[in-house]
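Notes follow once the structure below has been shown.
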Protein chains: 2
Amino acid sequence: MAGTNSERELLTEGPAIILAFPQLGENIGMVARAMANFGLSELRLVNPRDGWPSEKARSAASRADHVIDNAKLYGSLEEAIADLNFVYATTARDRDGYKPVRSPIVAARELRNRFTAGQATGIIFGRERTGLTNEEVSLADEIVTFPVNPAFASLNLAQAVLLMSYEWMKTGMGSEEETSFQAIAQHPATKEQLQGLVDHLEEALDARNYFRPADKKPKLMENLRAVLTRPSFTESEIQVLRGVVSSLDRFTRENPRGSAAPALSRKALGGCEDD
Amino acid sequence: MAGTNSERELLTEGPAIILAFPQLGENIGMVARAMANFGLSELRLVNPRDGWPSEKARSAASRADHVIDNAKLYGSLEEAIADLNFVYATTARDRDGYKPVRSPIVAARELRNRFTAGQATGIIFGRERTGLTNEEVSLADEIVTFPVNPAFASLNLAQAVLLMSYEWMKTGMGSEEETSFQAIAQHPATKEQLQGLVDHLEEALDARNYFRPADKKPKLMENLRAVLTRPSFTESEIQVLRGVVSSLDRFTRENPRGSAAPALSRKALGGCEDD
């Protein structure tokens with residue numbers, strides 16, 4: 001999906017993403033892209049099966065070249081995490097262990113707190129096919145696991161990285177309601193402008209003998225006012241609607257089809273069904 | 001990543017995912033997989049460029065066949081959303097519009113509320129290359145946008161679907177701390193068991209004349225006790241540690257290397273540097 005603004009500052013801070021024994025270059029590239037989407041940039045590769053550098057990785061990264069170019073290669077997982085202070089292991093499988101198990105949102109907050117305190121942190125992701133071994137998990141401080149559908153839990157490697165990167169990004173934002181752009185502020189019309197529309201319609205309908213019998217008119221007007229009040233129409237919307245009413249009021253169809261439509265409208269407003 | 005439990009119930013409720021004019025079969029397949037991961041199953045395709053059904057889509061779906069087999073095909077976006085009560089459009093680009101713009105978490109909550117109220121809902125995703133046109137966005141009730149890195153905002157189609165599916169799944173969970181499995185409860189040893197370890201160490205060190213000069217012993221013991229108290233060792237961990245102390249205490253190295261190591265340990269505990 002489009003929307004990149006190349007003049008904006010590239011976010012590049014946060015935990016290292018450590019891929020332990022990744023298998024496909026394409027997946028490494030998609031991991032790099034997912035990291036870049038959410039402002040991470042430090043990629044560490046432990047013994048990638050298909051070698052490194054990888055043209056397939058670069059192609060799949062969709063121009064996340066700053067991540068690919070700076071990826072570091074390690075011969076063992078121990079070496080890849082040696083300089084880090086705190087490390088998560090990701091796994092979809094229950095482990096017979098004593099390590100704390102966190103949801104992505106809790107893990108991301110922990111990483112943000114430690115990042116703010118100046119600690120070097122990382123998240124370990126295992127092989128595409130089999131994930132991390134118990135021995136590899138044991139190297140981490142805590143476990144993070146994703147709230148997946150238990151009957152279909154196999155998450156693509158890049159998508160697992162994406163979710164953690166996304167949760168990381170969110171912890172750096174002011175609130176969970178925050179979005180990068182906003183709707184144009186909607187300023188509802190004044191009550192006088194709204195009443196002008198109601199009056200306009202009332203006059204046009206009266207001219208057509210719409211309010212029959214006369215004692216039903218107060219209820220019909222009440223319903224009409226309720227319908228027109230709820231949407232909080234803006235001034236410009238009121239103008240559009242008044243133009244529509246004017247057009248319907250002043251001009252006749254070039255090709256008349258009878259009066260079924262007005263009767264239906266009246267019924268919808270709660271009028272009698274006697275016509 | 002592994003972890004699927006095929007005996008667990010397959011989650012299949014929630015909003016429809018509507019792909020407007022998707023380009024690549026692989027992406028449709030990855031969308032299906034992402035949906036299945038987080039319990040969504042209703043996929044609607046508007047005029048997929050490379051045709052339907054698609055073997056590439058099935059292959060990329062990694063056995064999310066229930067999503068692929070039930071995907072519905074439409075000739076226009078209007079038809080694809082005709083039976084829905086409430087629809088989000090996803091976009092990474094700022095739109096000059098009046099529609100409310102929501103974060104994924106807020107949108108997912110809105111969808112969950114409407115789902116609970118019996119409404120039919122959907123989320124529209126645009127073409128891989130250019131997203132949705134303004135006209136297409138205008139068909140939706142509200143906009144949802146992702147908190148991406150502004151300088152690298154181009155999210156893969158399946159990853160955009162994944163994020164919304166993930167946030168949807170989370171709204172159905174008890175709390176954001178919830179995880180599908182837990183660490184085995186850690187029950188710290190009793191203070192008596194901990195004190196047994198401390199006593200054991202004190203005796204073994206005393207026997208080696210470790211606490212010199214004698215007036216430093218209280219401070220050295222205080223430090224040692226602090227180091228051993230903080231980790232909240234379990235009973236079994238205490239047993240492991242006592243085994244280690246016993247082994248070091250009772251047996252001599254087969255290949256002695258001198259006494260540098262004990263001196264270093266003492267220094268680390270805050271001992272004097274006079275030996």
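Scheme for the structure tokens: letters A, B, ... for chains in order shown; per-chain residue numbers from 1; ligand numbers from 1 in order shown.
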
Next on the checklist: What's around A:Val144 at 7 Å? Count only C-alpha atoms, leave out sequence neighbours fewer than 4 positions away in its own chain, and write the answer as a list in words.
Outcome noted: Tyr88, Ala89, Thr90, Thr91, Val101, Arg102, Ser103, Pro104 and Ala107 of chain A

So that I have them on file, write out the residues from the current selection with all heavy atoms, as a PDB file, in the first residue's frame.
ATOM      1  N   TYR A  88      13.957 -11.264  24.382  1.00  0.00           N
ATOM      2  CA  TYR A  88      12.764 -12.099  24.301  1.00  0.00           C
ATOM      3  C   TYR A  88      12.973 -13.211  23.293  1.00  0.00           C
ATOM      4  O   TYR A  88      13.597 -13.000  22.248  1.00  0.00           O
ATOM      5  CB  TYR A  88      11.547 -11.294  23.835  1.00  0.00           C
ATOM      6  CG  TYR A  88      10.837 -10.577  24.947  1.00  0.00           C
ATOM      7  CD1 TYR A  88      10.970  -9.201  25.096  1.00  0.00           C
ATOM      8  CD2 TYR A  88      10.035 -11.268  25.843  1.00  0.00           C
ATOM      9  CE1 TYR A  88      10.324  -8.524  26.126  1.00  0.00           C
ATOM     10  CE2 TYR A  88       9.386 -10.612  26.874  1.00  0.00           C
ATOM     11  CZ  TYR A  88       9.528  -9.250  27.016  1.00  0.00           C
ATOM     12  OH  TYR A  88       8.893  -8.603  28.031  1.00  0.00           O
ATOM     13  N   ALA A  89      12.392 -14.380  23.569  1.00  0.00           N
ATOM     14  CA  ALA A  89      12.285 -15.446  22.569  1.00  0.00           C
ATOM     15  C   ALA A  89      10.821 -15.547  22.166  1.00  0.00           C
ATOM     16  O   ALA A  89       9.942 -15.505  23.023  1.00  0.00           O
ATOM     17  CB  ALA A  89      12.750 -16.774  23.157  1.00  0.00           C
ATOM     18  N   THR A  90      10.561 -15.644  20.869  1.00  0.00           N
ATOM     19  CA  THR A  90       9.182 -15.786  20.394  1.00  0.00           C
ATOM     20  C   THR A  90       8.884 -17.251  20.143  1.00  0.00           C
ATOM     21  O   THR A  90       9.705 -17.977  19.583  1.00  0.00           O
ATOM     22  CB  THR A  90       8.960 -15.021  19.085  1.00  0.00           C
ATOM     23  OG1 THR A  90       9.912 -15.478  18.123  1.00  0.00           O
ATOM     24  CG2 THR A  90       9.134 -13.529  19.289  1.00  0.00           C
ATOM     25  N   THR A  91       7.690 -17.671  20.539  1.00  0.00           N
ATOM     26  CA  THR A  91       7.294 -19.036  20.264  1.00  0.00           C
ATOM     27  C   THR A  91       5.782 -19.156  20.262  1.00  0.00           C
ATOM     28  O   THR A  91       5.096 -18.444  20.984  1.00  0.00           O
ATOM     29  CB  THR A  91       7.897 -20.032  21.286  1.00  0.00           C
ATOM     30  OG1 THR A  91       7.343 -21.332  21.040  1.00  0.00           O
ATOM     31  CG2 THR A  91       7.590 -19.620  22.710  1.00  0.00           C
ATOM     32  N   VAL A 101       5.889 -15.684  30.420  1.00  0.00           N
ATOM     33  CA  VAL A 101       5.329 -15.668  29.065  1.00  0.00           C
ATOM     34  C   VAL A 101       4.513 -14.382  28.917  1.00  0.00           C
ATOM     35  O   VAL A 101       3.609 -14.137  29.720  1.00  0.00           O
ATOM     36  CB  VAL A 101       4.435 -16.896  28.820  1.00  0.00           C
ATOM     37  CG1 VAL A 101       3.890 -16.877  27.397  1.00  0.00           C
ATOM     38  CG2 VAL A 101       5.212 -18.178  29.082  1.00  0.00           C
ATOM     39  N   ARG A 102       4.832 -13.565  27.915  1.00  0.00           N
ATOM     40  CA  ARG A 102       4.185 -12.263  27.762  1.00  0.00           C
ATOM     41  C   ARG A 102       3.406 -12.179  26.456  1.00  0.00           C
ATOM     42  O   ARG A 102       3.767 -12.816  25.465  1.00  0.00           O
ATOM     43  CB  ARG A 102       5.239 -11.152  27.759  1.00  0.00           C
ATOM     44  CG  ARG A 102       6.235 -11.194  28.894  1.00  0.00           C
ATOM     45  CD  ARG A 102       5.579 -11.014  30.245  1.00  0.00           C
ATOM     46  NE  ARG A 102       6.577 -10.900  31.294  1.00  0.00           N
ATOM     47  CZ  ARG A 102       6.303 -11.030  32.596  1.00  0.00           C
ATOM     48  NH1 ARG A 102       5.059 -11.289  32.996  1.00  0.00           N
ATOM     49  NH2 ARG A 102       7.258 -10.922  33.489  1.00  0.00           N
ATOM     50  N   SER A 103       2.375 -11.350  26.457  1.00  0.00           N
ATOM     51  CA  SER A 103       1.694 -11.012  25.207  1.00  0.00           C
ATOM     52  C   SER A 103       2.539  -9.971  24.481  1.00  0.00           C
ATOM     53  O   SER A 103       3.388  -9.312  25.087  1.00  0.00           O
ATOM     54  CB  SER A 103       0.303 -10.456  25.506  1.00  0.00           C
ATOM     55  OG  SER A 103       0.397  -9.198  26.137  1.00  0.00           O
ATOM     56  N   PRO A 104       2.336  -9.794  23.168  1.00  0.00           N
ATOM     57  CA  PRO A 104       3.144  -8.822  22.422  1.00  0.00           C
ATOM     58  C   PRO A 104       3.064  -7.416  23.015  1.00  0.00           C
ATOM     59  O   PRO A 104       4.066  -6.698  23.082  1.00  0.00           O
ATOM     60  CB  PRO A 104       2.534  -8.857  21.013  1.00  0.00           C
ATOM     61  CG  PRO A 104       1.981 -10.230  20.889  1.00  0.00           C
ATOM     62  CD  PRO A 104       1.464 -10.579  22.257  1.00  0.00           C
ATOM     63  N   ALA A 107       5.147  -7.291  26.179  1.00  0.00           N
ATOM     64  CA  ALA A 107       6.568  -7.388  25.835  1.00  0.00           C
ATOM     65  C   ALA A 107       7.072  -6.075  25.234  1.00  0.00           C
ATOM     66  O   ALA A 107       8.164  -5.607  25.551  1.00  0.00           O
ATOM     67  CB  ALA A 107       6.786  -8.539  24.854  1.00  0.00           C
TER      68      ALA A 107
END

Next on the checklist: When you look at stretch 126-141 of chain B with a cut-off of 8 Å (counting only C-alpha atoms), what residues show up, excluding the ones that are within fewer than 5 positions of it in the same chain? I need them as a ChimeraX atom specification.
Outcome noted: /A:1-2 /B:19-23,77-78,86-91,95,99,156-157

Next on the checklist: Could you go through stretch 36-117 of chain A and tell me which residues DSSP, when run on the backbone, assigns to alpha helix (DSSP H), listing them as a ChimeraX atom specification?
Outcome noted: /A:36-37,55-60,65-69,77-80,104-116

Item to check | Test item, strand (DSSP E) assignment across stretch 66-223 of chain B, answer as a list in words | outcome: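 Secondary structure check on stretch 66-223 of chain B, strand (DSSP E): Lys72, Leu73, Tyr74, Phe86, Val87, Tyr88, Ala89, Thr90, Val101, Arg102, Thr121, Gly122, Ile123, Ile124, Phe125, Glu142, Ile143 and Val144 of chain B.
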
Would you save the residues of that selection, restricted to N, CA and C atoms, as a PDB file, in the first residue's frame?
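What follows is the written file part.pdb:
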ATOM      1  N   LYS B  72     -15.544 -15.172  -1.844  1.00  0.00           N
ATOM      2  CA  LYS B  72     -16.589 -14.799  -2.801  1.00  0.00           C
ATOM      3  C   LYS B  72     -16.075 -13.733  -3.750  1.00  0.00           C
ATOM      4  N   LEU B  73     -16.532 -13.844  -4.988  1.00  0.00           N
ATOM      5  CA  LEU B  73     -16.045 -12.973  -6.053  1.00  0.00           C
ATOM      6  C   LEU B  73     -17.114 -11.933  -6.406  1.00  0.00           C
ATOM      7  N   TYR B  74     -16.708 -10.678  -6.586  1.00  0.00           N
ATOM      8  CA  TYR B  74     -17.645  -9.603  -6.926  1.00  0.00           C
ATOM      9  C   TYR B  74     -17.099  -8.792  -8.099  1.00  0.00           C
ATOM     10  N   PHE B  86     -21.707  -1.878   8.328  1.00  0.00           N
ATOM     11  CA  PHE B  86     -20.684  -0.916   8.719  1.00  0.00           C
ATOM     12  C   PHE B  86     -19.351  -1.362   8.131  1.00  0.00           C
ATOM     13  N   VAL B  87     -18.655  -0.419   7.493  1.00  0.00           N
ATOM     14  CA  VAL B  87     -17.458  -0.779   6.734  1.00  0.00           C
ATOM     15  C   VAL B  87     -16.331   0.221   6.987  1.00  0.00           C
ATOM     16  N   TYR B  88     -15.130  -0.313   7.195  1.00  0.00           N
ATOM     17  CA  TYR B  88     -13.930   0.512   7.259  1.00  0.00           C
ATOM     18  C   TYR B  88     -13.192   0.468   5.925  1.00  0.00           C
ATOM     19  N   ALA B  89     -12.578   1.598   5.554  1.00  0.00           N
ATOM     20  CA  ALA B  89     -11.614   1.615   4.452  1.00  0.00           C
ATOM     21  C   ALA B  89     -10.231   1.809   5.056  1.00  0.00           C
ATOM     22  N   THR B  90      -9.246   1.041   4.591  1.00  0.00           N
ATOM     23  CA  THR B  90      -7.876   1.195   5.096  1.00  0.00           C
ATOM     24  C   THR B  90      -7.085   2.053   4.127  1.00  0.00           C
ATOM     25  N   VAL B 101     -11.155   9.107  11.264  1.00  0.00           N
ATOM     26  CA  VAL B 101      -9.954   8.300  11.026  1.00  0.00           C
ATOM     27  C   VAL B 101      -9.599   7.603  12.334  1.00  0.00           C
ATOM     28  N   ARG B 102      -9.503   6.270  12.305  1.00  0.00           N
ATOM     29  CA  ARG B 102      -9.279   5.493  13.525  1.00  0.00           C
ATOM     30  C   ARG B 102      -7.956   4.746  13.485  1.00  0.00           C
ATOM     31  N   THR B 121     -20.191  -6.569   9.309  1.00  0.00           N
ATOM     32  CA  THR B 121     -19.162  -5.547   9.126  1.00  0.00           C
ATOM     33  C   THR B 121     -18.091  -6.017   8.150  1.00  0.00           C
ATOM     34  N   GLY B 122     -17.272  -5.080   7.700  1.00  0.00           N
ATOM     35  CA  GLY B 122     -16.191  -5.426   6.785  1.00  0.00           C
ATOM     36  C   GLY B 122     -15.077  -4.405   6.824  1.00  0.00           C
ATOM     37  N   ILE B 123     -13.928  -4.800   6.283  1.00  0.00           N
ATOM     38  CA  ILE B 123     -12.774  -3.913   6.169  1.00  0.00           C
ATOM     39  C   ILE B 123     -12.275  -4.003   4.733  1.00  0.00           C
ATOM     40  N   ILE B 124     -12.177  -2.857   4.071  1.00  0.00           N
ATOM     41  CA  ILE B 124     -11.764  -2.817   2.666  1.00  0.00           C
ATOM     42  C   ILE B 124     -10.272  -2.500   2.562  1.00  0.00           C
ATOM     43  N   PHE B 125      -9.558  -3.291   1.749  1.00  0.00           N
ATOM     44  CA  PHE B 125      -8.138  -3.060   1.475  1.00  0.00           C
ATOM     45  C   PHE B 125      -7.967  -2.856  -0.036  1.00  0.00           C
ATOM     46  N   GLU B 142     -16.009   4.689   7.900  1.00  0.00           N
ATOM     47  CA  GLU B 142     -14.885   5.328   8.565  1.00  0.00           C
ATOM     48  C   GLU B 142     -13.590   4.825   7.942  1.00  0.00           C
ATOM     49  N   ILE B 143     -12.503   5.510   8.307  1.00  0.00           N
ATOM     50  CA  ILE B 143     -11.180   5.158   7.790  1.00  0.00           C
ATOM     51  C   ILE B 143     -10.353   4.549   8.921  1.00  0.00           C
ATOM     52  N   VAL B 144      -9.548   3.532   8.594  1.00  0.00           N
ATOM     53  CA  VAL B 144      -8.565   3.050   9.561  1.00  0.00           C
ATOM     54  C   VAL B 144      -7.194   3.184   8.923  1.00  0.00           C
TER      55      VAL B 144
END

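For A:Asp69, the residues within 10 Å (counting only C-alpha atoms, excluding itself and residues fewer than 2 positions away along the chain) are Leu43, Pro53, Arg58, Ala64, Asp65, His66, Val67, Ala71 and Lys72 of chain A.
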
Determine, counting only C-alpha atoms, which protein, DNA and RNA residues have an atom within 10 Å of an atom of A:Phe181; residues of the same chain fewer than 3 positions away are not included. Present the result as a JSON list (two decimals) with N, CA, C and O atoms, in the first residue's frame.
[["chain", "number", "residue", "atom", "x", "y", "z"],
["A", 178, "GLU", "N", -4.18, 7.42, 18.72],
["A", 178, "GLU", "CA", -3.47, 8.33, 17.82],
["A", 178, "GLU", "C", -3.38, 7.78, 16.39],
["A", 178, "GLU", "O", -3.14, 6.60, 16.19],
["A", 184, "ILE", "N", -10.89, 16.07, 8.65],
["A", 184, "ILE", "CA", -11.10, 17.51, 8.74],
["A", 184, "ILE", "C", -12.16, 17.73, 9.81],
["A", 184, "ILE", "O", -13.18, 17.04, 9.85],
["B", 92, "ALA", "N", -3.09, 4.37, 3.93],
["B", 92, "ALA", "CA", -1.90, 4.91, 4.56],
["B", 92, "ALA", "C", -1.76, 6.39, 4.24],
["B", 92, "ALA", "O", -0.94, 7.08, 4.84],
["B", 93, "ARG", "N", -2.56, 6.87, 3.30],
["B", 93, "ARG", "CA", -2.42, 8.26, 2.85],
["B", 93, "ARG", "C", -3.45, 9.15, 3.51],
["B", 93, "ARG", "O", -4.61, 8.78, 3.67],
["B", 94, "ASP", "N", -3.04, 10.34, 3.83],
["B", 94, "ASP", "CA", -3.96, 11.35, 4.33],
["B", 94, "ASP", "C", -5.00, 11.63, 3.23],
["B", 94, "ASP", "O", -4.67, 11.69, 2.05],
["B", 95, "ARG", "N", -6.26, 11.72, 3.64],
["B", 95, "ARG", "CA", -7.33, 12.01, 2.68],
["B", 95, "ARG", "C", -7.97, 13.33, 3.08],
["B", 95, "ARG", "O", -8.22, 13.57, 4.26],
["B", 96, "ASP", "N", -8.27, 14.11, 2.08],
["B", 96, "ASP", "CA", -8.99, 15.34, 2.34],
["B", 96, "ASP", "C", -10.45, 15.01, 2.56],
["B", 96, "ASP", "O", -11.27, 15.16, 1.67],
["B", 101, "VAL", "N", -11.15, 9.11, 11.26],
["B", 101, "VAL", "CA", -9.95, 8.30, 11.03],
["B", 101, "VAL", "C", -9.60, 7.60, 12.33],
["B", 101, "VAL", "O", -9.43, 8.26, 13.36],
["B", 102, "ARG", "N", -9.50, 6.27, 12.31],
["B", 102, "ARG", "CA", -9.28, 5.49, 13.52],
["B", 102, "ARG", "C", -7.96, 4.75, 13.49],
["B", 102, "ARG", "O", -7.48, 4.36, 12.42],
["B", 145, "THR", "N", -6.23, 3.66, 9.71],
["B", 145, "THR", "CA", -4.87, 3.85, 9.18],
["B", 145, "THR", "C", -3.88, 3.30, 10.19],
["B", 145, "THR", "O", -4.15, 3.27, 11.39],
["B", 147, "PRO", "N", -0.20, 2.90, 12.25],
["B", 147, "PRO", "CA", 0.84, 3.80, 12.78],
["B", 147, "PRO", "C", 2.22, 3.44, 12.25],
["B", 147, "PRO", "O", 3.09, 3.01, 12.98]]

Checklist entry - Any idea what's packed within 8 Å of A:Glu176, counting only C-alpha atoms, ignoring anything in its chain fewer than 3 positions away? Could you give it as a VMD selection string? => result (chain A and resid 170 173) or (chain B and resid 103 105 to 106)

Item to check | Shell of 9 Å around A:Leu163, only C-alpha atoms, local chain residues under 4 positions omitted, as a list in words | outcome: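 Contacts, with the query itself left out: Ala34, Pro104, Phe146, Ala158, Gln159, Glu167 and Trp168 of chain A; Gln159, Leu162, Leu163 and Tyr166 of chain B.
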
Checklist outcome for this item: Between B:Ala82, B:Leu220, B:Val161, B:Ile28, smallest distance to chain A by only C-alpha atoms belongs to B:Val161

Item to check | Closest of B:Ala80, B:Ala151, B:Leu224, B:Leu40 to chain A - atom-to-atom distances counting only C-alpha atoms | outcome: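 Among the listed residues, B:Ala151 lies closest to chain A.
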
Item to check | Atomic distance atom CA of B:Phe115 - atom CA of B:Glu13, expressed in Å with one decimal | outcome: 9.0 Å

Next on the checklist: Which residues are close to B:Thr116, i.e. within 10 Å by only C-alpha atoms, leaving aside same-chain residues fewer than 5 positions away? Reply as a PyMOL selection string.
Outcome noted: chain B and resi 14+110-111
